[in-house]
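What follows is a single structure, written as structure tokens, with notes after it.
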Amino acid sequence: MDPLDIVGNLNNIKPVYQPIVSAIRHTVFGYEVLGRFYNDNEWHSLGDFFQDNEVPEEFKVEVDQHLLYIAISDMIESNETGHLFINRNAKQLLVNNGDDLLQSLIMFEKKGFSMNRIVIEVTEHDFEEDYEQLIHLLLYYKTYGIKIAVDQVGAKSSNIDRIRQLEPHILKIDTRIIRNRHSEGFQDIMYSLSMLARRIGAALLFENIEDDYQLNFAWKHGGRYYQGFYLAKPGFDLAAEEVLSVNVREKFAAYIQREKSKIEDRLKHVWNWEQKMKNLLSKWEGTKKVDAFIDAVTAQFDAESFRMYVCDSDGQQVSSNFRKHDDKWKVELDKLGSNWAFRPYFLENMMQMKTWKRGILSDVYSDIETREMVRTFGYPLSENDFLFIDISYSYIYENESLLL
Ligand code: CA
């Protein structure tokens, strides 16, 4: 379609609204505004028009302003109290120093549509060029109460510093990148993104959710907001709850139950291991006979573990390594005297065991030696001696509740 035909026929352009659902209230938090163009008896997406670098930015501003007027008017008319998410690219925003948008919003605020109900979506890609100017403008918009979302976040980790500088209210994550369900790389990206979000106080919004698995994934990974065909397609009407195609309240209730029973199951493992250790404790005769003690423990944890050792409260290994090779436990003498206190959480976990006098299960991490995902169950033998039982990947994998 010729961009001139589009911008010359604003009467044939209308917004559609795609609901965004909140995990907190299970209700529609707002709508993303998308453009549609009527041509040859059909409505067409304006996605290509907006993404085309050849189309002058002034054209895009004009079409977007038109869509914004209709959208806010629709919101006011239908007494909708939610948020409006609007897409703007960097170049477009910087036309006329972003004043067109600001003036319109000031005008609508006088009509009762508060500026803190507007969420401007900029893509992470926009931070590549003109970013200082862009961040400056967005920070200025924020002083009016306007909210900022960074769209398609996670594409490039090099932008994390810029995102941190902007402190957006919302990070939008494209759920399509989790299609490859066992992608460990994505788990790590998710982890860094949720850390970043926590640090800067941003909410995570998962978009393009297309099935139950993806909704569950988003919920489990701290998503506060959700958007996608699975919940609702974009439509010409603002109609809040009625437009949702799944009962999110029921969905989340099911996720909560599933997650609770997984945690319960995991705690049962820990409880069982603790009982085994309590029974073994009568055999503990101090560090002089530490290897003989571990030898007795290996038989009790043969299914779960592939390696164990004892450290003192300074992180110094006071035993040999007991290591399973081809289903047989072997003693490795050379690790005696190593210090492990530098490892993340080591001292924290050790102090927890010492203080509460009970075992503790680490999170899942990649073992330096085997490169496999493992967990460690630690147990206090005395005020000063702590047993570490490394749980093998195969055992974790067979017991789903230990995976996360
Ligand atoms: Ca968007």
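We label chains A, B, ... in the order they appear in the structure tokens, count residues from 1 in each chain, and number ligands from 1 in the order shown.
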Residues near A:Ala218, cut-off 12 Å, only C-alpha atoms, skip fewer than 4 positions along chain, as a PyMOL selection string: chain A and resi 21-23+172-178+187+190+194+204-214+222-228+252+255
Within 12 Å of ligand 1, counting only C-alpha atoms and all ligand atoms, residues as an NGL selection string: :A and (17-18 or 20 or 31-35 or 47 or 50-51 or 84-89 or 119-124 or 148-153 or 170-174 or 205-208 or 227-228)
Contacts of A:Phe322 within 9 Å, only C-alpha atoms, excl. fewer than 2 positions in-chain, as an mmCIF file with all heavy atoms, in the first residue's frame:
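The result, written out as selection36.cif:
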```cif
data_model
loop_
_atom_site.group_PDB
_atom_site.id
_atom_site.type_symbol
_atom_site.label_atom_id
_atom_site.label_comp_id
_atom_site.auth_asym_id
_atom_site.auth_seq_id
_atom_site.Cartn_x
_atom_site.Cartn_y
_atom_site.Cartn_z
ATOM 1 N N ASP A 291 36.249 -39.488 57.114
ATOM 2 C CA ASP A 291 36.087 -40.295 55.896
ATOM 3 C C ASP A 291 35.272 -41.558 56.160
ATOM 4 O O ASP A 291 34.445 -41.957 55.324
ATOM 5 C CB ASP A 291 37.456 -40.648 55.295
ATOM 6 C CG ASP A 291 38.036 -39.470 54.504
ATOM 7 O OD1 ASP A 291 37.439 -38.364 54.574
ATOM 8 O OD2 ASP A 291 39.064 -39.643 53.826
ATOM 9 N N ILE A 294 31.622 -40.472 56.190
ATOM 10 C CA ILE A 294 31.074 -40.262 54.840
ATOM 11 C C ILE A 294 30.827 -41.608 54.150
ATOM 12 O O ILE A 294 29.825 -41.788 53.454
ATOM 13 C CB ILE A 294 32.003 -39.370 53.981
ATOM 14 C CG1 ILE A 294 32.158 -37.984 54.626
ATOM 15 C CG2 ILE A 294 31.428 -39.194 52.567
ATOM 16 C CD1 ILE A 294 33.075 -37.037 53.867
ATOM 17 N N ASP A 295 31.736 -42.533 54.380
ATOM 18 C CA ASP A 295 31.576 -43.855 53.793
ATOM 19 C C ASP A 295 30.222 -44.467 54.178
ATOM 20 O O ASP A 295 29.539 -45.078 53.349
ATOM 21 C CB ASP A 295 32.736 -44.752 54.265
ATOM 22 C CG ASP A 295 32.796 -46.034 53.448
ATOM 23 O OD1 ASP A 295 32.649 -45.930 52.208
ATOM 24 O OD2 ASP A 295 32.960 -47.117 54.042
ATOM 25 N N THR A 298 27.329 -42.598 52.175
ATOM 26 C CA THR A 298 27.177 -42.874 50.735
ATOM 27 C C THR A 298 26.116 -43.938 50.463
ATOM 28 O O THR A 298 25.327 -43.791 49.527
ATOM 29 C CB THR A 298 28.511 -43.335 50.099
ATOM 30 O OG1 THR A 298 29.019 -44.438 50.848
ATOM 31 C CG2 THR A 298 29.518 -42.214 50.056
ATOM 32 N N PHE A 306 26.225 -38.073 43.736
ATOM 33 C CA PHE A 306 27.409 -38.546 43.006
ATOM 34 C C PHE A 306 28.693 -38.045 43.661
ATOM 35 O O PHE A 306 29.787 -38.414 43.249
ATOM 36 C CB PHE A 306 27.362 -38.091 41.544
ATOM 37 C CG PHE A 306 27.561 -36.600 41.361
ATOM 38 C CD1 PHE A 306 28.795 -36.099 40.963
ATOM 39 C CD2 PHE A 306 26.531 -35.716 41.599
ATOM 40 C CE1 PHE A 306 28.984 -34.727 40.788
ATOM 41 C CE2 PHE A 306 26.713 -34.352 41.442
ATOM 42 C CZ PHE A 306 27.935 -33.849 41.035
ATOM 43 N N ARG A 307 28.543 -37.178 44.708
ATOM 44 C CA ARG A 307 29.747 -36.618 45.325
ATOM 45 C C ARG A 307 29.390 -36.064 46.699
ATOM 46 O O ARG A 307 28.306 -35.485 46.866
ATOM 47 C CB ARG A 307 30.263 -35.479 44.443
ATOM 48 C CG ARG A 307 31.626 -34.935 44.841
ATOM 49 C CD ARG A 307 32.113 -33.899 43.844
ATOM 50 N NE ARG A 307 31.118 -32.849 43.661
ATOM 51 C CZ ARG A 307 31.061 -32.047 42.596
ATOM 52 N NH1 ARG A 307 31.918 -32.170 41.614
ATOM 53 N NH2 ARG A 307 30.132 -31.131 42.511
ATOM 54 N N MET A 308 30.256 -36.282 47.696
ATOM 55 C CA MET A 308 30.053 -35.649 48.999
ATOM 56 C C MET A 308 31.354 -35.402 49.723
ATOM 57 O O MET A 308 32.368 -36.045 49.450
ATOM 58 C CB MET A 308 29.043 -36.419 49.852
ATOM 59 C CG MET A 308 29.231 -37.904 49.968
ATOM 60 S SD MET A 308 27.883 -38.651 50.939
ATOM 61 C CE MET A 308 26.664 -39.007 49.689
ATOM 62 N N TYR A 309 31.292 -34.444 50.641
ATOM 63 C CA TYR A 309 32.500 -34.040 51.381
ATOM 64 C C TYR A 309 32.070 -33.216 52.589
ATOM 65 O O TYR A 309 30.916 -32.782 52.685
ATOM 66 C CB TYR A 309 33.435 -33.214 50.483
ATOM 67 C CG TYR A 309 32.758 -32.034 49.821
ATOM 68 C CD1 TYR A 309 32.826 -30.759 50.403
ATOM 69 C CD2 TYR A 309 32.031 -32.190 48.648
ATOM 70 C CE1 TYR A 309 32.183 -29.688 49.799
ATOM 71 C CE2 TYR A 309 31.384 -31.118 48.052
ATOM 72 C CZ TYR A 309 31.469 -29.875 48.635
ATOM 73 O OH TYR A 309 30.821 -28.822 48.064
ATOM 74 N N SER A 319 37.585 -33.263 54.751
ATOM 75 C CA SER A 319 37.497 -34.688 54.409
ATOM 76 C C SER A 319 38.054 -34.898 53.007
ATOM 77 O O SER A 319 38.351 -33.939 52.297
ATOM 78 C CB SER A 319 36.034 -35.138 54.414
ATOM 79 O OG SER A 319 35.390 -34.625 53.257
ATOM 80 N N SER A 320 38.131 -36.147 52.611
ATOM 81 C CA SER A 320 38.402 -36.437 51.202
ATOM 82 C C SER A 320 37.117 -36.181 50.416
ATOM 83 O O SER A 320 36.052 -35.997 50.994
ATOM 84 C CB SER A 320 38.793 -37.902 51.029
ATOM 85 O OG SER A 320 39.920 -38.201 51.815
ATOM 86 N N LYS A 324 31.416 -40.769 42.944
ATOM 87 C CA LYS A 324 30.929 -42.012 42.351
ATOM 88 C C LYS A 324 31.426 -42.140 40.915
ATOM 89 O O LYS A 324 31.223 -41.229 40.111
ATOM 90 C CB LYS A 324 29.398 -42.057 42.393
ATOM 91 C CG LYS A 324 28.850 -43.448 42.255
ATOM 92 C CD LYS A 324 27.500 -43.610 42.906
ATOM 93 C CE LYS A 324 26.400 -42.948 42.135
ATOM 94 N NZ LYS A 324 25.089 -43.259 42.726
ATOM 95 N N TRP A 329 31.598 -45.861 44.681
ATOM 96 C CA TRP A 329 32.131 -44.690 45.386
ATOM 97 C C TRP A 329 33.642 -44.824 45.554
ATOM 98 O O TRP A 329 34.137 -45.828 46.039
ATOM 99 C CB TRP A 329 31.461 -44.539 46.754
ATOM 100 C CG TRP A 329 30.044 -44.070 46.634
ATOM 101 C CD1 TRP A 329 28.931 -44.855 46.578
ATOM 102 C CD2 TRP A 329 29.602 -42.722 46.538
ATOM 103 N NE1 TRP A 329 27.804 -44.075 46.441
ATOM 104 C CE2 TRP A 329 28.183 -42.750 46.424
ATOM 105 C CE3 TRP A 329 30.249 -41.485 46.541
ATOM 106 C CZ2 TRP A 329 27.419 -41.590 46.313
ATOM 107 C CZ3 TRP A 329 29.471 -40.321 46.430
ATOM 108 C CH2 TRP A 329 28.083 -40.375 46.311
ATOM 109 N N LYS A 330 34.350 -43.776 45.128
ATOM 110 C CA LYS A 330 35.817 -43.771 45.254
ATOM 111 C C LYS A 330 36.223 -42.599 46.140
ATOM 112 O O LYS A 330 35.562 -41.566 46.155
ATOM 113 C CB LYS A 330 36.460 -43.600 43.871
ATOM 114 C CG LYS A 330 36.116 -44.708 42.886
ATOM 115 C CD LYS A 330 37.382 -45.450 42.470
ATOM 116 C CE LYS A 330 37.063 -46.775 41.805
ATOM 117 N NZ LYS A 330 36.499 -46.633 40.453
ATOM 118 N N VAL A 331 37.324 -42.763 46.843
ATOM 119 C CA VAL A 331 37.830 -41.690 47.707
ATOM 120 C C VAL A 331 38.904 -40.911 46.963
ATOM 121 O O VAL A 331 39.867 -41.495 46.463
ATOM 122 C CB VAL A 331 38.423 -42.283 49.006
ATOM 123 C CG1 VAL A 331 38.854 -41.160 49.949
ATOM 124 C CG2 VAL A 331 37.422 -43.198 49.684
ATOM 125 N N GLU A 332 38.708 -39.586 46.849
ATOM 126 C CA GLU A 332 39.730 -38.737 46.221
ATOM 127 C C GLU A 332 40.378 -37.896 47.328
ATOM 128 O O GLU A 332 39.725 -37.046 47.921
ATOM 129 C CB GLU A 332 39.087 -37.828 45.172
ATOM 130 C CG GLU A 332 38.408 -38.586 44.035
ATOM 131 C CD GLU A 332 37.601 -37.683 43.107
ATOM 132 O OE1 GLU A 332 37.258 -36.553 43.516
ATOM 133 O OE2 GLU A 332 37.316 -38.113 41.986
ATOM 134 N N LEU A 333 41.648 -38.135 47.548
ATOM 135 C CA LEU A 333 42.317 -37.496 48.692
ATOM 136 C C LEU A 333 42.726 -36.054 48.404
ATOM 137 O O LEU A 333 42.891 -35.249 49.318
ATOM 138 C CB LEU A 333 43.561 -38.312 49.076
ATOM 139 C CG LEU A 333 43.295 -39.765 49.510
ATOM 140 C CD1 LEU A 333 44.580 -40.574 49.508
ATOM 141 C CD2 LEU A 333 42.634 -39.794 50.894
#
```
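For the residues A:Thr370, A:Gln92, A:Gln316, A:Ser104, ranking by smallest atom-to-atom distance to A:His66 using only C-alpha atoms places A:Ser104 first.
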Residue neighbourhood A:Leu231, 7 Å, only C-alpha atoms, exclusion window fewer than 5 positions, as a VMD selection string: chain A and resid 244 to 246
Output file for the residues above (N, CA and C atoms, as a PDB file, in the first residue's frame):
```
ATOM      1  N   LEU A 244     -12.202 -11.585  27.055  1.00  0.00           N
ATOM      2  CA  LEU A 244     -11.174 -12.589  27.334  1.00  0.00           C
ATOM      3  C   LEU A 244     -11.665 -13.987  26.968  1.00  0.00           C
ATOM      4  N   SER A 245     -10.827 -14.736  26.253  1.00  0.00           N
ATOM      5  CA  SER A 245     -11.276 -16.048  25.797  1.00  0.00           C
ATOM      6  C   SER A 245     -10.946 -17.155  26.790  1.00  0.00           C
ATOM      7  N   VAL A 246     -10.159 -16.881  27.810  1.00  0.00           N
ATOM      8  CA  VAL A 246      -9.964 -17.873  28.868  1.00  0.00           C
ATOM      9  C   VAL A 246     -10.282 -17.235  30.214  1.00  0.00           C
TER      10      VAL A 246
END
```
Contact residues around stretch 52-55 of chain A with only C-alpha atoms at 12 Å, ignoring same-chain residues under 5 positions, as number ranges by chain: A: 1-7, 46-47, 60-63, 89-92
Spatial neighbours of A:Lys276, 9 Å, only C-alpha atoms, chain gap at least 3 places, as a PyMOL selection string: chain A and resi 271-273+279-281+297+300-301
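Residues in contact with stretch 374-378 of chain A at 8 Å, where only C-alpha atoms are counted and same-chain residues fewer than 4 positions away are skipped, are listed as A:Val270, A:Met350, A:Met353, A:Gly359, A:Ile360, A:Leu361, A:Ser362, A:Asp363, A:Val364, A:Tyr365, A:Ser366, A:Asp367, A:Phe386, A:Leu387, A:Phe388, A:Ile389, A:Asp390, A:Ile391, A:Ser392, A:Tyr393, A:Ile396.
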Which of stretch 40-244 of chain A fall in alpha helix (DSSP H), as a VMD selection string: chain A and resid 47 to 51 57 to 77 90 to 94 99 to 110 131 to 142 160 to 166 184 to 200 212 to 220
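The smallest atom-to-atom distance between A:Asp64 and any of A:Ile76, A:Asp40, A:Leu404, A:Leu101, using only C-alpha atoms, is found for A:Leu101.
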